[in-house]
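S.K.: Quick one: the structure is below, questions incoming.
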Amino acid sequence: MNPNDVAAFQTTFLTWYDTNKRDLPWRQNHDPYLVWLSEVMLQQTQVQTVLPYFQRFTQALPNLTALAQVDETQLLKLWEGLGYYSRARNLKKAAQQLLADYDGQFPTTAAELENIIGIGPYTAGAIASIAFQQVVPAVDGNAYRVFSRLLADDFDISQSKARPHFAQVIQPLLPPQRPGDFNQAVMDLGASICTTKDPACLLCPIQAYCTSYQTGTQLDFPVKTKKIRQKKVQLIALVIQNAQGAYLLQQRPEQGLLGGLTTLPLVDLSDLDVTEQTLPQALQTYFAHNYNLALTQVQDLKLKPVVHVFTHLHWTIHLFGAKLGDPQADVAYFPGYFVPKARLGDQAQATLQKKLLKRADLSKK
DNA sequence: AAATCGTGGGA
DNA sequence: TTCCCAAGATT
């Protein structure tokens, strides 16, 4: 684009934004704390999903100090169901980091912001431009879509160099006076008009500048080669009651899938020796060997399996029931604890866990 | 640098 | 069913 076109393009785009921008709670002001929270919640997550979480989270934890001091249970409870749970733990770490090393003030440049845990290139650009008027792009999926089409740029967005590539491409298009609004205009355009499938080019405010529209190649962009295959895994979820009728929950490690959350005890079917034994026997052996726990009455509950799909995993989970034979049984070797039915919801529950409890009819009345 | 990390929704 | 996508970061 030549310089004259760039100026007209910016004016056209920002004028469209001024009349069509979405009224979102994190757009009420430019408080960096709120901009930051919204951006982290919006990572790989749609606006509609984020809205109720943002309201509850900001009401419970309205500032850095409150966030830095929140206990883990409340933090995860505020995040439950939103996914990518390391985001929540990183928020708290970042709040502590900002209070300890930055006097509780957000740094104002993208480069400095990237030093905060949980803030990567995109989020740094978003905060710097929206909260601090820094002239930097915010290169997310919307930006890939909008600018690959606008410029008919066929750089493969599956490549890790895609982000720096598009940052370089977008930089000269940024309006120095309103970089934050420009970046948000890209997001709104990407969400409403320049969508992945069936983009509404006839309604697009920057149609006249769009190279791919002029050649009818909108759907050829962005170029993305990599596809993810979900690995299929069969699991057993155990409904184990003790003598008091409480249920055994398994505490998952802080790192990794559903980190820090609790679920019904899960066993990967491929870890069981079912060649020589029946499935109930194999589960009994597994718990005895791994956790020094003696299960009795292990049985298939014959319920419809719970299917749960993660980004890279496809789980099919069969529910089995069991009891703890010895009322004095020592659970010390098992990473978890017994919880009465009425208290199952005290800890944060991933959506997977809610599905399991519902299928086992253990949801709160 | 490729894999890992959730969930809900749409075609 | 199955696949893909939605305001990515971390290791």
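Labels for the structure tokens follow display order: chains A, B, ..., residues from 1 in each chain, ligands from 1.
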In range 304-362 of chain A, what's strand (DSSP E) per DSSP? Answer as JSON, numbers by chain?

M.R.: {"A": [306, 307, 308, 309, 313, 314, 315, 316, 317, 318, 319, 320, 321, 322, 323, 324, 336, 337, 338, 339]}

S.K.: May I ask you to extract the residues of chain C within 7 Å of chain A, using only C-alpha atoms (C1' of nucleotides), and to give them as a ChimeraX atom specification?

M.R.: /C:6-9

S.K.: Counting only C-alpha atoms (C1' of nucleotides), what is within 9 Å of Phe166 in chain A, bar same-chain residues fewer than 5 positions away, as a VMD selection string?

M.R.: chain A and resid 137 139 143 to 144 147 to 148 155 161 171

S.K.: Could the residues in this selection be saved with N, CA and C atoms as a tab-separated table (two decimals), in the first residue's frame?

M.R.:
```
chain	number	residue	atom	x	y	z
A	137	PRO	N	1.63	-3.68	16.92
A	137	PRO	CA	0.49	-4.51	16.53
A	137	PRO	C	0.15	-5.55	17.60
A	139	VAL	N	-0.86	-9.21	17.27
A	139	VAL	CA	-0.99	-10.22	16.21
A	139	VAL	C	-1.61	-11.50	16.74
A	143	ALA	N	-5.84	-11.04	13.35
A	143	ALA	CA	-4.86	-10.29	12.55
A	143	ALA	C	-4.33	-11.15	11.39
A	144	TYR	N	-4.06	-12.43	11.68
A	144	TYR	CA	-3.65	-13.33	10.60
A	144	TYR	C	-4.68	-13.32	9.47
A	147	PHE	N	-5.20	-9.56	7.75
A	147	PHE	CA	-4.09	-9.02	6.96
A	147	PHE	C	-3.59	-10.00	5.89
A	148	SER	N	-3.73	-11.30	6.13
A	148	SER	CA	-3.36	-12.21	5.05
A	148	SER	C	-4.30	-12.01	3.87
A	155	PHE	N	1.92	-16.29	3.69
A	155	PHE	CA	2.80	-16.86	4.72
A	155	PHE	C	2.00	-17.87	5.55
A	161	LYS	N	7.30	-18.63	12.77
A	161	LYS	CA	7.74	-17.30	12.35
A	161	LYS	C	6.60	-16.44	11.82
A	171	GLN	N	3.00	-3.38	11.03
A	171	GLN	CA	3.60	-2.19	11.66
A	171	GLN	C	3.41	-0.89	10.86
```

S.K.: Within 10 Å of Pro199 in chain A, counting only C-alpha atoms (C1' of nucleotides), which residues show up once you throw out same-chain ones fewer than 5 positions away? Write them as a list in words, please.

M.R.: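 Counting only C-alpha atoms (C1' of nucleotides), the residues come to Leu189, Gly190, Ala191, Ser192, Ile193, Cys194, Cys204, Gln218 and Leu219 of chain A.
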
S.K.: Restrict the calculation to only C-alpha atoms (C1' of nucleotides), then for each residue of chain A with any atom at most 9 Å from an atom of chain B give the closest atom pair and their distance in Å to one decimal, rows by chain and rising residue number, as CSV.

M.R.:
```
residue,atom,partner,partner_atom,distance
A:Thr45,CA,B:DT7,C1',8.2
A:Thr49,CA,B:DG8,C1',8.2
A:Gly81,CA,B:DT7,C1',7.2
A:Leu82,CA,B:DT7,C1',6.7
A:Gly83,CA,B:DG6,C1',3.9
A:Tyr84,CA,B:DG6,C1',5.3
A:Tyr85,CA,B:DG6,C1',8.0
A:Ser86,CA,B:DC5,C1',8.1
A:Ser160,CA,B:DA1,C1',8.0
A:Gly256,CA,B:DC5,C1',7.2
A:Leu257,CA,B:DC5,C1',6.3
A:Leu258,CA,B:DG6,C1',8.2
A:Val309,CA,B:DG6,C1',8.5
A:Phe310,CA,B:DG6,C1',6.0
A:Thr311,CA,B:DG6,C1',7.1
A:His312,CA,B:DT4,C1',8.1
A:Ala350,CA,B:DG6,C1',8.6
A:Thr351,CA,B:DT7,C1',7.8
```

S.K.: In Å, how far is it from CA of Gln133 in chain A to CA of Pro179 in chain A?

M.R.: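 Rounded to one decimal, the two atoms are 6.2 Å apart.
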
S.K.: May I have the residues within 7 Å of Leu319 in chain A as a PyMOL selection string, using only C-alpha atoms (C1' of nucleotides) and disregarding those fewer than 3 positions away in the same chain?

M.R.: chain A and resi 236-238+300-301+303+305

S.K.: Check the DSSP output for the backbone and give back, as a short mmCIF file (atom, residue, chain, number, x, y, z; two decimals) with N, CA, C and O atoms, in the first residue's frame, the residues of range 112-209 of chain A in alpha helix (DSSP H).

M.R.:
```cif
data_model
loop_
_atom_site.label_atom_id
_atom_site.label_comp_id
_atom_site.auth_asym_id
_atom_site.auth_seq_id
_atom_site.Cartn_x
_atom_site.Cartn_y
_atom_site.Cartn_z
N GLU A 112 8.83 -5.01 27.52
CA GLU A 112 8.86 -5.24 28.97
C GLU A 112 7.70 -6.12 29.41
O GLU A 112 7.86 -6.97 30.29
N LEU A 113 6.56 -5.90 28.82
CA LEU A 113 5.38 -6.69 29.20
C LEU A 113 5.60 -8.18 28.95
O LEU A 113 5.09 -9.03 29.67
N PRO A 121 3.76 -12.51 23.03
CA PRO A 121 3.84 -11.44 22.04
C PRO A 121 2.49 -10.78 21.75
O PRO A 121 2.41 -9.56 21.66
N TYR A 122 1.46 -11.59 21.59
CA TYR A 122 0.15 -11.00 21.29
C TYR A 122 -0.35 -10.14 22.44
O TYR A 122 -0.71 -8.96 22.26
N THR A 123 -0.41 -10.73 23.63
CA THR A 123 -0.98 -10.03 24.78
C THR A 123 -0.17 -8.78 25.11
O THR A 123 -0.73 -7.74 25.49
N ALA A 124 1.13 -8.86 24.96
CA ALA A 124 1.98 -7.68 25.19
C ALA A 124 1.61 -6.56 24.23
O ALA A 124 1.46 -5.40 24.63
N GLY A 125 1.42 -6.89 22.96
CA GLY A 125 1.04 -5.88 21.98
C GLY A 125 -0.34 -5.30 22.27
O GLY A 125 -0.55 -4.09 22.14
N ALA A 126 -1.24 -6.15 22.71
CA ALA A 126 -2.60 -5.69 23.01
C ALA A 126 -2.59 -4.72 24.19
O ALA A 126 -3.18 -3.63 24.13
N ILE A 127 -1.92 -5.09 25.27
CA ILE A 127 -1.89 -4.21 26.45
C ILE A 127 -1.15 -2.92 26.13
O ILE A 127 -1.61 -1.82 26.47
N ALA A 128 0.00 -3.03 25.48
CA ALA A 128 0.80 -1.84 25.20
C ALA A 128 0.04 -0.85 24.33
O ALA A 128 0.09 0.36 24.55
N SER A 129 -0.69 -1.35 23.35
CA SER A 129 -1.40 -0.45 22.43
C SER A 129 -2.70 0.07 23.03
O SER A 129 -3.02 1.26 22.88
N ILE A 130 -3.42 -0.79 23.73
CA ILE A 130 -4.74 -0.38 24.24
C ILE A 130 -4.61 0.45 25.51
O ILE A 130 -5.26 1.48 25.67
N ALA A 131 -3.76 0.00 26.43
CA ALA A 131 -3.67 0.70 27.72
C ALA A 131 -2.65 1.84 27.68
O ALA A 131 -2.78 2.80 28.44
N PHE A 132 -1.63 1.72 26.82
CA PHE A 132 -0.53 2.70 26.88
C PHE A 132 -0.24 3.38 25.54
O PHE A 132 0.77 4.07 25.40
N GLY A 141 -5.12 -14.44 15.94
CA GLY A 141 -5.77 -15.13 14.83
C GLY A 141 -6.55 -14.19 13.94
O GLY A 141 -6.60 -14.37 12.72
N ASN A 142 -7.19 -13.18 14.54
CA ASN A 142 -7.91 -12.19 13.73
C ASN A 142 -6.96 -11.45 12.80
O ASN A 142 -7.27 -11.24 11.63
N ALA A 143 -5.84 -11.04 13.35
CA ALA A 143 -4.86 -10.29 12.55
C ALA A 143 -4.33 -11.15 11.39
O ALA A 143 -4.18 -10.66 10.27
N TYR A 144 -4.06 -12.43 11.68
CA TYR A 144 -3.65 -13.33 10.60
C TYR A 144 -4.68 -13.32 9.47
O TYR A 144 -4.36 -13.22 8.30
N ARG A 145 -5.93 -13.45 9.87
CA ARG A 145 -7.00 -13.57 8.88
C ARG A 145 -7.16 -12.26 8.10
O ARG A 145 -7.20 -12.25 6.87
N VAL A 146 -7.30 -11.16 8.83
CA VAL A 146 -7.57 -9.87 8.19
C VAL A 146 -6.43 -9.46 7.27
O VAL A 146 -6.65 -9.09 6.11
N PHE A 147 -5.20 -9.56 7.75
CA PHE A 147 -4.09 -9.02 6.96
C PHE A 147 -3.59 -10.00 5.89
O PHE A 147 -3.09 -9.56 4.86
N SER A 148 -3.73 -11.30 6.13
CA SER A 148 -3.36 -12.21 5.05
C SER A 148 -4.30 -12.01 3.87
O SER A 148 -3.88 -12.06 2.71
N ARG A 149 -5.58 -11.74 4.16
CA ARG A 149 -6.55 -11.50 3.08
C ARG A 149 -6.35 -10.12 2.47
O ARG A 149 -6.34 -9.96 1.25
N LEU A 150 -6.20 -9.13 3.32
CA LEU A 150 -6.04 -7.75 2.83
C LEU A 150 -4.89 -7.65 1.83
O LEU A 150 -4.98 -6.99 0.81
N ALA A 162 5.37 -16.99 11.82
CA ALA A 162 4.24 -16.24 11.26
C ALA A 162 3.99 -14.96 12.07
O ALA A 162 3.71 -13.91 11.50
N ARG A 163 4.11 -15.06 13.39
CA ARG A 163 3.79 -13.89 14.21
C ARG A 163 4.74 -12.73 13.94
O ARG A 163 4.30 -11.62 13.64
N PRO A 164 6.05 -12.94 14.00
CA PRO A 164 6.96 -11.84 13.64
C PRO A 164 6.77 -11.37 12.20
O PRO A 164 6.88 -10.17 11.92
N HIS A 165 6.48 -12.29 11.31
CA HIS A 165 6.26 -11.88 9.91
C HIS A 165 5.10 -10.89 9.82
O HIS A 165 5.23 -9.81 9.24
N PHE A 166 3.95 -11.27 10.40
CA PHE A 166 2.80 -10.38 10.27
C PHE A 166 2.96 -9.10 11.10
O PHE A 166 2.45 -8.05 10.74
N ALA A 167 3.69 -9.20 12.20
CA ALA A 167 3.97 -7.98 12.98
C ALA A 167 4.70 -6.97 12.10
O ALA A 167 4.39 -5.77 12.09
N GLN A 168 5.63 -7.45 11.35
CA GLN A 168 6.41 -6.58 10.46
C GLN A 168 5.54 -6.02 9.34
O GLN A 168 5.68 -4.86 8.95
N VAL A 169 4.62 -6.86 8.87
CA VAL A 169 3.73 -6.42 7.79
C VAL A 169 2.74 -5.36 8.28
O VAL A 169 2.42 -4.41 7.58
N ILE A 170 2.25 -5.56 9.50
CA ILE A 170 1.21 -4.67 10.03
C ILE A 170 1.78 -3.34 10.51
O ILE A 170 1.13 -2.30 10.41
N PRO A 179 -3.33 3.51 17.92
CA PRO A 179 -2.94 2.11 17.68
C PRO A 179 -3.85 1.10 18.39
O PRO A 179 -4.16 0.04 17.83
N GLY A 180 -4.28 1.43 19.61
CA GLY A 180 -5.13 0.50 20.36
C GLY A 180 -6.48 0.31 19.69
O GLY A 180 -6.98 -0.82 19.58
N ASP A 181 -7.07 1.41 19.24
CA ASP A 181 -8.35 1.31 18.55
C ASP A 181 -8.20 0.54 17.24
O ASP A 181 -9.07 -0.24 16.85
N PHE A 182 -7.10 0.77 16.57
CA PHE A 182 -6.85 0.05 15.31
C PHE A 182 -6.78 -1.46 15.57
O PHE A 182 -7.42 -2.25 14.88
N ASN A 183 -6.02 -1.85 16.58
CA ASN A 183 -5.90 -3.28 16.89
C ASN A 183 -7.25 -3.88 17.28
O ASN A 183 -7.57 -5.02 16.92
N GLN A 184 -8.04 -3.11 18.02
CA GLN A 184 -9.36 -3.63 18.40
C GLN A 184 -10.31 -3.64 17.21
O GLN A 184 -11.20 -4.49 17.12
N ALA A 185 -10.11 -2.72 16.28
CA ALA A 185 -10.92 -2.74 15.05
C ALA A 185 -10.64 -4.03 14.27
O ALA A 185 -11.56 -4.64 13.70
N VAL A 186 -9.38 -4.45 14.25
CA VAL A 186 -9.03 -5.70 13.58
C VAL A 186 -9.77 -6.87 14.23
O VAL A 186 -10.31 -7.75 13.55
N MET A 187 -9.80 -6.87 15.57
CA MET A 187 -10.48 -7.96 16.28
C MET A 187 -11.98 -7.97 15.97
O MET A 187 -12.57 -9.02 15.72
N ASP A 188 -12.59 -6.79 15.98
CA ASP A 188 -14.03 -6.73 15.72
C ASP A 188 -14.34 -7.11 14.27
O ASP A 188 -15.32 -7.80 14.01
N LEU A 189 -13.51 -6.67 13.37
CA LEU A 189 -13.72 -7.04 11.97
C LEU A 189 -13.57 -8.55 11.79
O LEU A 189 -14.38 -9.19 11.12
N GLY A 190 -12.55 -9.11 12.42
CA GLY A 190 -12.32 -10.54 12.32
C GLY A 190 -13.43 -11.37 12.94
O GLY A 190 -13.74 -12.47 12.49
N ALA A 191 -14.06 -10.82 13.97
CA ALA A 191 -15.12 -11.56 14.66
C ALA A 191 -16.45 -11.47 13.93
O ALA A 191 -17.27 -12.39 14.00
N SER A 192 -16.68 -10.35 13.25
CA SER A 192 -18.02 -10.13 12.70
C SER A 192 -18.09 -10.21 11.18
O SER A 192 -19.09 -10.64 10.64
#
```

S.K.: At what distance in Å, to one decimal, does CA of Gln69 in chain A lie from CA of Gln48 in chain A?

M.R.: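 Interatomic distance here is 28.2 Å.
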
S.K.: So what do you get for CA of Ala111 in chain A versus CA of Leu64 in chain A, distance-wise?

M.R.: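 It comes out at 20.6 Å.
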